[in-house]
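The structure appears right after this line, and notes come after that.
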Amino acid sequence: MSGPDVLPLEELGMADVPRVGGKNASLGELLRALGGRGVRVPGGFATSADAYRAYVAANGIGPRLGELLAAHRSGRAGLRETGAAVRELFLGGAFPEDTAERIRAAYRALGARTGRADPAVAVRSSATAEDLPDASFAGQQETFLDVVGEEALLEACRRCYASLFTDRAITYRELKGFDHLAVALSVGVQEMVRADLGASGVMFTLDTETGFPDVVVVSAAWGLGETVVQGSVDPDKYVVFKPLLGAAPAPVVERTRGAKLQKMVRDDDAPAAPRTRLVATTDRERRAFVLDDADVLRLARWAVQVEEHYGRPMDLEWAKDGSTGELFLLQARPETVQARRGGTRFTVHHLEGSGPVLASGAAIGDAIAAGPARVVRSPADVEDFPAGAVLVTGTTDPDWVPVMRRAAAVVTDHGGPTSHAAIVSRELGLPAVVGTGDATAVVADGQELTVSCAEGERGRVYAGTLPFRAEEVDLGLLPRTRTAIMVNVASPDAALRWWRLPADGVGLARMEFVVNSIVQVHPMALVHPERVADEADRRRIAELTEGFEDPGEYFVQTLALGLAKLAAPHHPRPVVVRLSDFKSNEYAHLVGGAAFEQAEENPMLGFRGASRYYDPRYREGFALECRALRRVREHIGFRNVVVMVPFCRTPAEADRVLAEMAAHGLERGREGLKVYMMCEIPSNVVLAEQFAARFDGFSIGSNDLTQLVLGVDRDAEALRALFDERDEAVTRMIAEAIRKAHAAGIPIGICGQGPSDHPDFAEFLVREGIDSISLNPDSFLRTARRIAETERRLAAGPGSTMDA
């Protein structure tokens with residue numbers, strides 16, 4: 001079977017890239033190095049680069065190929081004309097008989113191993129300049145699935161050779177500076193995994209948008225994986241936190257269900273490869289998650305093994321055989337975008353205007369771009385695509401690369417973060433918003449747009465040209481400080497964006513922001529849905545909780561995943577999660593909330609914070625909050641999460657809240673649990689010694705403390721000039737709180753807005769010896785420098801030149 005032109009995959013390794021290309025060399029490497037350690041890879045064989053060269057020579061392709069490419073380089077022939085002519089040269093050729101016979105023999109041997117006379121195989125292209133650390137060549141050559149029979153296999157191999165010169169492959173090699181004539185192609189032939197009966201997808205060993213290295217991101221859809229790669233479906237997404245693999249029951253920090261409107265399956269009636277077709281998915285398939293936690297965690301462990309073996313971030317394809325339930329890895333290539341980014345330097349884009357949002361979807365990259373829209377529905381319509389326009393289309397495939405090179409940004413109706421549009425946009429450095437659902441319907445051709453990927457995981461397409469700026473940051477120049485500098489976080493969508501900041505943890509993660517943006521439903525409406533009278537709210541609750549036998553479990557799972565994602569970038573440093581602090585009017589705006597909230601004259605001083613947690617009107621809702629926090633700490637594994645109680649008016653109320661928490665498994669000190677208290681009411685300062693005996697730490701909420709010390713409603717526009725946390729009455733209270741906390745031996749920080757807005761206020765806190773200051777991420781860099789400068793002046797002492 002084997003010879004210089006046909007080689008078993010298990011005999012190959014990364015040293016064989018010149019012989020069989022990056023894709024096939026990597027498959028052989030996986031089989032040899034990890035096959036014995038539980039990683040499953042379908043077996044097969046590869047034709048060599050020498051076989052390609054022999055094919056070119058035997059059919060006299062070389063001279064004519066050189067002429068056609070020279071004409072293209074000189075501008076005498078267009079891309080489309082050149083590509084078609086070159087491909088025809090390959091498709092009209094024939095294999096040398098000895099090579100053809102060795103391919104047939106290898107195919108028969110594969111059938112003997114699988115017990116099938118004519119096994120179905122996947123036939124994949126593997127170029128010798130492919131899957132390199134600085135160039136992915138994603139989707140540049142063809143793959144043919146479910147190929148059956150010797151002659152069909154030889155035809156698929158010919159078509160793979162021809163695909164070395166698709167328009168997109170020619171363009172990509174020119175973009176990357178590769179010599180067309182120096183590149184050869186190997187064909188990989190693997191036993192076909194029956195993903196058409198099961199599922200498939202891709203995964204990365206880092207977050208593809210931010211470069212955060214501690215997660216595995218898995219995309220999954222029903223059927224064959226081309227739909228995920230091409231972006232023709234919106235897949236499920238799962239994110240696994242790598243440091244807790246093996247240390248926690250299920251360290252999954254995101255589980256997002258995609259629409260999955262169609263799937264690719266085998267077509268037994270097709271006369272030739274590709275013997276596949278697209279069909280609509282069933283309602284059950286659309287509603288269900290493709291993978292359970294056991295499958296997700298197995299794939300994540302394999303991904304980590306592959307990453308450790310190669311010593312770099314990886315991009316992998318996988319499949320699940322629907323006939324056996326077995327998982328397989330199909331490809332492994334280096335991740336080529338985030339891996340090239342520097343570790344300390346990054347650019348932060350800031351949108352400085354606002355406008356109508358026309359569409360939103362998954363944000364690819366973190367940049368902002370503006371330009372006129374060009375709505376395109378077919379690659380044939382892009383000949384006159386103007387440079388600097390925003391490409392708006394249904395989906396892209398590798399044929400779109402030439403036009404994407406000219407675009408300022410990309411917007412698609414379909415696809416997810418691992419679709420072709422996303423992968424190529426990252427590599428080209430373009431902001432892209434994918435999976436909007438309706439961009440081609442709502443955006444007018446020629447309309448001025450601003451495409452923003454700088455606001456978290458959801459990208460937005462704004463009408464008009466909005467102002468924005470880019471800030472270049474070198475984190476290596478940030479000084480270290482005695483004062484712990486932490487961050488305030490709210491949205492799980494943006495949680496991973498700031499992972500490079502050298503923060504000492506999270507000083508404030510607002511639970512109510514997660515409830516409002518992701519959960520959306522009032523917790524009591526899930527405990528007592530029968531009390532929700534509004535029909536629209538009842539329908540929305542049914543829609544959100546579909547698939548959950550217990551509606552309360554929807555709240556627990558969704559909140560737990562949101563909090564886990566906030567915690568992940570900062571593990572193992574402390575992450576302080578504040579229990580919900582909605583006011584009654586804010587709670588009423590949640591789905592189903594109107595049935596459980598009473599109107600209050602002054603919600604800011606009403607039924608909020610600690611007073612809710614033990615009250616019969618909310619007690620069952622608080623039990624769901626506690627279940628979610630236990631899941632974050634004990635099931636997902638983030639034991640670095642600290643729980644913080646807001647707006648606790650008296651020591652007696654503190655005792656009631658702590659008892660309620662303990663009744664739901666959140667007992668202070670159990671499993672290392674620390675419980676902090678917001679210091680934001682004058683009584684918290686006056687009775688600080690008593691509160692300190694009940695809690696493990698304080699965090700000053702300067703907004704509420706200022707409001708209550710000065711008697712100024714913080715939302716009152718007419719009194720805005722009087723609301724100032726730097727007022728002497730407020731700073732005296734803060735200084736006293738710091739002194740009393742230290743006397744009691746507990747830490748005290750601040751998580752209010754003040755230090756982010758006022759550098760002089762941050763200086764005051766440092767002088768008073770506060771232990772930590774938690775800042776908004778976008779003010780972290782400038783305030784950290786100010787804190788370091790203040791500490792240097794204090795260390796130098798009064799009268800020094802620094803102090804002056």
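All residue names refer to the structure tokens as shown: chains lettered A, B, ... in order, residues numbered from 1 in each chain, ligands numbered from 1 in order.
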
Pick out each residue of range 163-347 of chain A that DSSP on the backbone tags as strand (DSSP E or B); I need them as a ChimeraX atom specification.
-> /A:185-191,199-204,215-223,236-241,245,248,252-256,262-266,276-280,314-320,327-334,345-347

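For Arg333 in chain A, the list of residues within 7 Å, based on only C-alpha atoms and with local chain neighbours fewer than 4 positions off taken out, reads Lys23, Asp131, Met314, Asp315 and Leu316 of chain A.
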
Write out, as a PDB file, in the first residue's frame, the residues just selected, with all heavy atoms.
ATOM      1  N   LYS A  23      -1.857  20.072   7.332  1.00  0.00           N
ATOM      2  CA  LYS A  23      -3.039  19.396   7.845  1.00  0.00           C
ATOM      3  C   LYS A  23      -2.773  17.903   8.059  1.00  0.00           C
ATOM      4  O   LYS A  23      -3.054  17.340   9.118  1.00  0.00           O
ATOM      5  CB  LYS A  23      -4.196  19.603   6.891  1.00  0.00           C
ATOM      6  CG  LYS A  23      -5.536  19.082   7.380  1.00  0.00           C
ATOM      7  CD  LYS A  23      -6.631  19.379   6.354  1.00  0.00           C
ATOM      8  CE  LYS A  23      -6.782  20.870   6.141  1.00  0.00           C
ATOM      9  NZ  LYS A  23      -7.786  21.198   5.111  1.00  0.00           N
ATOM     10  N   ASP A 131      -1.596  25.860   7.286  1.00  0.00           N
ATOM     11  CA  ASP A 131      -1.635  25.634   8.732  1.00  0.00           C
ATOM     12  C   ASP A 131      -0.285  25.917   9.369  1.00  0.00           C
ATOM     13  O   ASP A 131       0.207  25.166  10.222  1.00  0.00           O
ATOM     14  CB  ASP A 131      -2.073  24.199   9.056  1.00  0.00           C
ATOM     15  CG  ASP A 131      -3.513  23.959   8.622  1.00  0.00           C
ATOM     16  OD1 ASP A 131      -4.198  24.952   8.326  1.00  0.00           O
ATOM     17  OD2 ASP A 131      -3.928  22.794   8.592  1.00  0.00           O
ATOM     18  N   MET A 314      -4.266  26.400  19.702  1.00  0.00           N
ATOM     19  CA  MET A 314      -4.646  25.571  18.559  1.00  0.00           C
ATOM     20  C   MET A 314      -6.099  25.807  18.139  1.00  0.00           C
ATOM     21  O   MET A 314      -6.953  26.195  18.935  1.00  0.00           O
ATOM     22  CB  MET A 314      -4.450  24.087  18.891  1.00  0.00           C
ATOM     23  CG  MET A 314      -3.012  23.689  19.206  1.00  0.00           C
ATOM     24  SD  MET A 314      -1.872  23.892  17.832  1.00  0.00           S
ATOM     25  CE  MET A 314      -2.449  22.580  16.731  1.00  0.00           C
ATOM     26  N   ASP A 315      -6.344  25.516  16.862  1.00  0.00           N
ATOM     27  CA  ASP A 315      -7.653  25.570  16.216  1.00  0.00           C
ATOM     28  C   ASP A 315      -7.956  24.143  15.760  1.00  0.00           C
ATOM     29  O   ASP A 315      -7.197  23.563  14.983  1.00  0.00           O
ATOM     30  CB  ASP A 315      -7.544  26.552  15.042  1.00  0.00           C
ATOM     31  CG  ASP A 315      -8.700  26.482  14.056  1.00  0.00           C
ATOM     32  OD1 ASP A 315      -9.647  25.706  14.277  1.00  0.00           O
ATOM     33  OD2 ASP A 315      -8.644  27.201  13.037  1.00  0.00           O
ATOM     34  N   LEU A 316      -9.041  23.560  16.263  1.00  0.00           N
ATOM     35  CA  LEU A 316      -9.328  22.144  16.003  1.00  0.00           C
ATOM     36  C   LEU A 316     -10.724  21.950  15.432  1.00  0.00           C
ATOM     37  O   LEU A 316     -11.631  22.743  15.701  1.00  0.00           O
ATOM     38  CB  LEU A 316      -9.198  21.322  17.290  1.00  0.00           C
ATOM     39  CG  LEU A 316      -7.871  21.429  18.047  1.00  0.00           C
ATOM     40  CD1 LEU A 316      -8.047  22.321  19.273  1.00  0.00           C
ATOM     41  CD2 LEU A 316      -7.390  20.067  18.481  1.00  0.00           C
TER      42      LEU A 316
END

Could you give me, as a list in words, the residues within 7 Å of Gly464 in chain A, counting only C-alpha atoms and dropping anything in the same chain fewer than 5 positions from it?
->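 The residues satisfying every condition are Glu448, Leu449 and Thr450 of chain A.
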
Emit the selected residues as a PDB file, in the first residue's frame, including N, CA, C and O atoms.
ATOM      1  N   GLU A 448     -24.391  55.105   5.375  1.00  0.00           N
ATOM      2  CA  GLU A 448     -23.210  55.237   6.217  1.00  0.00           C
ATOM      3  C   GLU A 448     -23.419  54.464   7.515  1.00  0.00           C
ATOM      4  O   GLU A 448     -24.473  54.572   8.155  1.00  0.00           O
ATOM      5  N   LEU A 449     -22.409  53.663   7.889  1.00  0.00           N
ATOM      6  CA  LEU A 449     -22.500  52.819   9.074  1.00  0.00           C
ATOM      7  C   LEU A 449     -21.279  53.005   9.961  1.00  0.00           C
ATOM      8  O   LEU A 449     -20.194  53.351   9.486  1.00  0.00           O
ATOM      9  N   THR A 450     -21.463  52.708  11.245  1.00  0.00           N
ATOM     10  CA  THR A 450     -20.353  52.524  12.178  1.00  0.00           C
ATOM     11  C   THR A 450     -20.492  51.134  12.770  1.00  0.00           C
ATOM     12  O   THR A 450     -21.535  50.794  13.334  1.00  0.00           O
TER      13      THR A 450
END

Skipping near chain neighbours, those fewer than 3 positions away, what residues fall within 9 Å of range 280-293 of chain A using only C-alpha atoms, listed as a ChimeraX atom specification?
-> /A:198-200,220-222,235-236,238,250,252,255-264,296-298,546-547

Write the selection just made, keeping C-alpha atoms, as an mmCIF file, in the first residue's frame?
data_model
loop_
_atom_site.group_PDB
_atom_site.id
_atom_site.type_symbol
_atom_site.label_atom_id
_atom_site.label_comp_id
_atom_site.auth_asym_id
_atom_site.auth_seq_id
_atom_site.Cartn_x
_atom_site.Cartn_y
_atom_site.Cartn_z
ATOM 1 C CA GLY A 198 -24.614 13.228 14.848
ATOM 2 C CA ALA A 199 -22.846 16.550 15.255
ATOM 3 C CA SER A 200 -19.639 18.416 14.561
ATOM 4 C CA ALA A 220 -21.319 22.787 17.776
ATOM 5 C CA ALA A 221 -24.065 22.111 15.231
ATOM 6 C CA TRP A 222 -26.015 19.112 13.991
ATOM 7 C CA PRO A 235 -24.055 27.085 16.296
ATOM 8 C CA ASP A 236 -24.205 26.379 19.999
ATOM 9 C CA TYR A 238 -19.645 26.360 25.060
ATOM 10 C CA ALA A 250 -18.134 21.087 35.489
ATOM 11 C CA VAL A 252 -18.265 25.381 31.950
ATOM 12 C CA ARG A 255 -23.485 27.597 27.371
ATOM 13 C CA THR A 256 -25.284 29.466 24.576
ATOM 14 C CA ARG A 257 -27.872 27.777 22.388
ATOM 15 C CA GLY A 258 -27.644 28.669 18.689
ATOM 16 C CA ALA A 259 -30.487 28.715 16.170
ATOM 17 C CA LYS A 260 -29.107 25.776 14.100
ATOM 18 C CA LEU A 261 -31.768 26.182 11.396
ATOM 19 C CA GLN A 262 -30.201 23.694 9.009
ATOM 20 C CA LYS A 263 -27.673 20.888 8.863
ATOM 21 C CA MET A 264 -25.554 19.147 6.244
ATOM 22 C CA VAL A 296 -17.991 19.310 26.174
ATOM 23 C CA LEU A 297 -15.525 18.447 28.925
ATOM 24 C CA ARG A 298 -14.066 15.518 26.966
ATOM 25 C CA GLU A 546 -38.112 26.180 27.552
ATOM 26 C CA GLY A 547 -36.239 22.943 28.209
#

Give the helix (DSSP H, G or I) residues of range 121-190 of chain A, as DSSP finds them on the backbone, and put them as a PyMOL selection string.
-> chain A and resi 150-165+167-176+180-182

Hey, can you spit out that residue selection with C-alpha atoms as a compact mmCIF listing (two decimals), in the first residue's frame?
# COMPACT_ATOMS: atom_id res chain seq x y z
CA GLU A 150 -12.18 3.86 -5.84
CA GLU A 151 -12.97 5.92 -8.93
CA ALA A 152 -14.92 8.49 -6.90
CA LEU A 153 -11.88 8.76 -4.63
CA LEU A 154 -9.52 9.42 -7.55
CA GLU A 155 -11.92 12.08 -8.88
CA ALA A 156 -12.05 13.72 -5.43
CA CYS A 157 -8.23 13.76 -5.34
CA ARG A 158 -8.16 15.49 -8.74
CA ARG A 159 -10.62 18.07 -7.49
CA CYS A 160 -8.47 18.65 -4.40
CA TYR A 161 -5.51 19.34 -6.70
CA ALA A 162 -7.61 21.79 -8.70
CA SER A 163 -8.69 23.53 -5.50
CA LEU A 164 -5.09 24.59 -4.91
CA PHE A 165 -5.94 27.26 -7.47
CA ASP A 167 -9.71 32.23 -6.75
CA ARG A 168 -9.55 32.57 -2.98
CA ALA A 169 -6.42 30.41 -2.69
CA ILE A 170 -4.63 32.43 -5.38
CA THR A 171 -5.58 35.65 -3.61
CA TYR A 172 -4.57 34.40 -0.18
CA ARG A 173 -1.12 33.22 -1.31
CA GLU A 174 -0.51 36.57 -2.96
CA LEU A 175 -1.60 38.32 0.26
CA LYS A 176 0.82 36.21 2.30
CA HIS A 180 2.25 29.67 -6.36
CA LEU A 181 4.62 27.32 -8.11
CA ALA A 182 6.51 26.43 -4.91

Can you work out the spacing between CA of Ala560 in chain A and CA of Pro603 in chain A in Å, to one decimal?
->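 Separation of CA of Ala560 in chain A and CA of Pro603 in chain A: 27.1 Å.
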
Identify, on the basis of only C-alpha atoms, every residue whose closest approach to range 96-99 of chain A does not exceed 9 Å; exclude the query and any residue fewer than 4 positions from it along the same chain; express the result as a PyMOL selection string.
-> chain A and resi 3+5-6+47+51+54-55+58-59+103-104

Tell me which of A:Ala15, A:Val519, A:Ala564, A:Ala369 sits closest to Arg460 in chain A, counting only C-alpha atoms.
->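 So, comparing all the options, the nearest one is A:Ala369.
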
For CA of Leu775 in chain A and CA of Ala729 in chain A, quote the distance in Å rounded to one decimal.
->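 For CA of Leu775 in chain A relative to CA of Ala729 in chain A, the distance reads 22.7 Å.
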
Identify, on the basis of only C-alpha atoms, every residue whose closest approach to Thr393 in chain A does not exceed 7 Å; exclude the query and any residue fewer than 5 positions from it along the same chain; express the result as a CSV table (one decimal) with N, CA and C atoms, in the first residue's frame.
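Generated file (result_33.csv):
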chain,number,residue,atom,x,y,z
A,375,VAL,N,-24.3,46.2,0.3
A,375,VAL,CA,-25.0,45.0,0.6
A,375,VAL,C,-24.8,44.1,-0.6
A,376,VAL,N,-24.2,42.9,-0.3
A,376,VAL,CA,-23.8,42.0,-1.4
A,376,VAL,C,-24.5,40.6,-1.1
A,377,ARG,N,-25.0,40.0,-2.1
A,377,ARG,CA,-25.7,38.7,-1.9
A,377,ARG,C,-25.0,37.6,-2.7
A,411,VAL,N,-20.2,42.5,8.0
A,411,VAL,CA,-21.5,42.3,8.8
A,411,VAL,C,-22.2,41.1,8.1
A,412,THR,N,-22.6,40.1,8.8
A,412,THR,CA,-23.3,39.0,8.2
A,412,THR,C,-24.6,38.7,8.9
A,413,ASP,N,-25.5,38.1,8.1
A,413,ASP,CA,-26.8,37.6,8.8
A,413,ASP,C,-26.6,36.4,9.6
A,440,THR,N,-28.9,42.3,6.2
A,440,THR,CA,-29.1,42.6,4.8
A,440,THR,C,-30.5,43.1,4.5

Considering only C-alpha atoms, state which residue in the set A:Ala303, A:Ala117, A:Val215, A:Leu794 is at the smallest distance from Leu30 in chain A.
-> A:Ala303

Of the candidates A:Val487, A:Met14, A:Ala362, A:Met644, which shows the shortest atom-to-atom distance to Pro755 in chain A, using only C-alpha atoms?
-> A:Val487

Compare A:Val253, A:Ala408, A:Val532, A:Leu91 by their minimum atom-to-atom distance to Ala567 in chain A, counting only C-alpha atoms, and give me the closest one.
-> A:Val253

With only C-alpha atoms as the atoms that count, which of A:Ala470, A:Leu7, A:Ala409, A:Ala122 lies nearest to Ala373 in chain A?
-> A:Ala409

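Closest approach to Thr208 in chain A among A:Gly749, A:Pro417, A:Gly66, A:Pro8: A:Pro417, based on only C-alpha atoms.
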
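If you look at CA of Gly593 in chain A and CA of Val521 in chain A, they are 7.3 Å away from each other.
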